[in-house]
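Peer 1: Let me give you the structure first, and then I'll get to my questions.
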Amino acid sequence: KEVLGLWVAGTEGAKFWLHVLTELKNRGVEDILVAVCDGLTGFPNAIEATFPRTTVQTCIVHMIRNSLRFVSWKNRKAVARELRAIYTAATESQAEAALTRFEECEWGRKYPSIARSWRTRWEHVVPFLAFGPDIRRAIYTTNSIESLNRQLRKTLKTKGHFPTDQAAVKLLWLGLERASKKWTYPFKAWDMALQQLDAHFPGRLHL
C-alpha cells in the first residue's frame with residue numbers, strides 16, 4: 001500500500017480527476033493496470049483519457065449498497081443473497097445469466113431499478129471476473145481505501161475548524177504517516193496474484 005498524493009478541491013468531477021491523474025503521470029507513474037472506482041462522477045473518463053490501457057473496475061460493495069437503497073429493510077438480506085450470485089459467478093457469461101435470473105425473480109420484478117443500475121454499469125462491473133480468486137479479493141472493493149478515509153476523518157474530527165486548507169492538509173499528512181506504519185502485512189497469496197497479473201497484462205508488470 002502507498003498513498004501517492006493528497007489533493008483538496010471544492011467539488012469532484014472529470015476536470016478534477018484529470019488534474020490528479022495528469023500530475024501522477026508527470027511525476028512518473030507510467031501505467032495503471034486496474035483502477036477501482038466507487039461511482040465518482042468523471043473518474044472513469046479521466047482514467048481512460050490519461051491511462052487508456054487501464055482496466056476500470058466498479059467497486060462491487062458500492063454496487064450492492066446502492067442497490068439495497070431501493071429495498072425495504074425487511075427484504076434487504078433476501079435481495080443481497082440473490083445479488084451475490086452475480087458477482088461470485090465464475091465467468092462473465094455466468095454473471096450475466098445470474099443478472100437475468102435476478103430480473104425475472106420476485107425481487108427483480110419488485111425492484112426493477114436494481115437490475116437496470118447493474119446493466120448500465122455492466123462494462124465496469126465485470127472486469128474482475130477475468131481473474132482468479134487471489135486477485136478478485138484485492139480489486140472488487142475499495143474497502144481498504146474507505147478504512148483509511150475513516151482514520152483521516154477521525155483525525156479531522158478532533159479539531160473541528162481550520163484557518164486554511166493548508167492547515168488541514170498538514171494534519172491529514174500526519175494522519176497518513178501514522179496510518180502507514182500499520183501497513184506491515186503483505187497481501188495474502190501476493191506471489192500468485194502477481195503471476196496472474198503478469199499473464200493477464202503481458203509486458204506491463206515489471207517483476
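Labels used: A, B, ... for chains in the order of the C-alpha cells, numbers from 1 for residues in each chain, and numbers from 1 for ligands as shown.
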Tell me which protein, DNA and RNA residues are within 12 Å of His200 of chain A, counting only C-alpha atoms, leaving out same-chain ones fewer than 5 positions away, and put them as a list in words.
Peer 2: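 These residues fall inside the cut-off: Leu33, Val34, Thr55, Pro127, Phe128, Ala130, Phe131, Gly132, Ile135, Ala193, Leu194, Gln195 and Leu205 of chain A.
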Peer 1: Which residue is closest to Ser180 of chain A? Choose from A:Leu148, A:Val71, A:Ala35, A:Leu99 and count only C-alpha atoms.
Peer 2: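 Once distances to Ser180 of chain A are computed over only C-alpha atoms, the minimum belongs to A:Leu148.
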Peer 1: Rank nothing, just name the residue among A:Thr54, A:Ser147, A:Thr141, A:Thr22 nearest to Gly39 of chain A, using only C-alpha atoms.
Peer 2: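 Closest to Gly39 of chain A, using only C-alpha atoms: A:Thr141.
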Peer 1: Using only C-alpha atoms, can you tell me which of A:Trp17, A:Trp7, A:Phe43, A:Trp173 comes closest to Leu156 of chain A?
Peer 2: A:Trp173
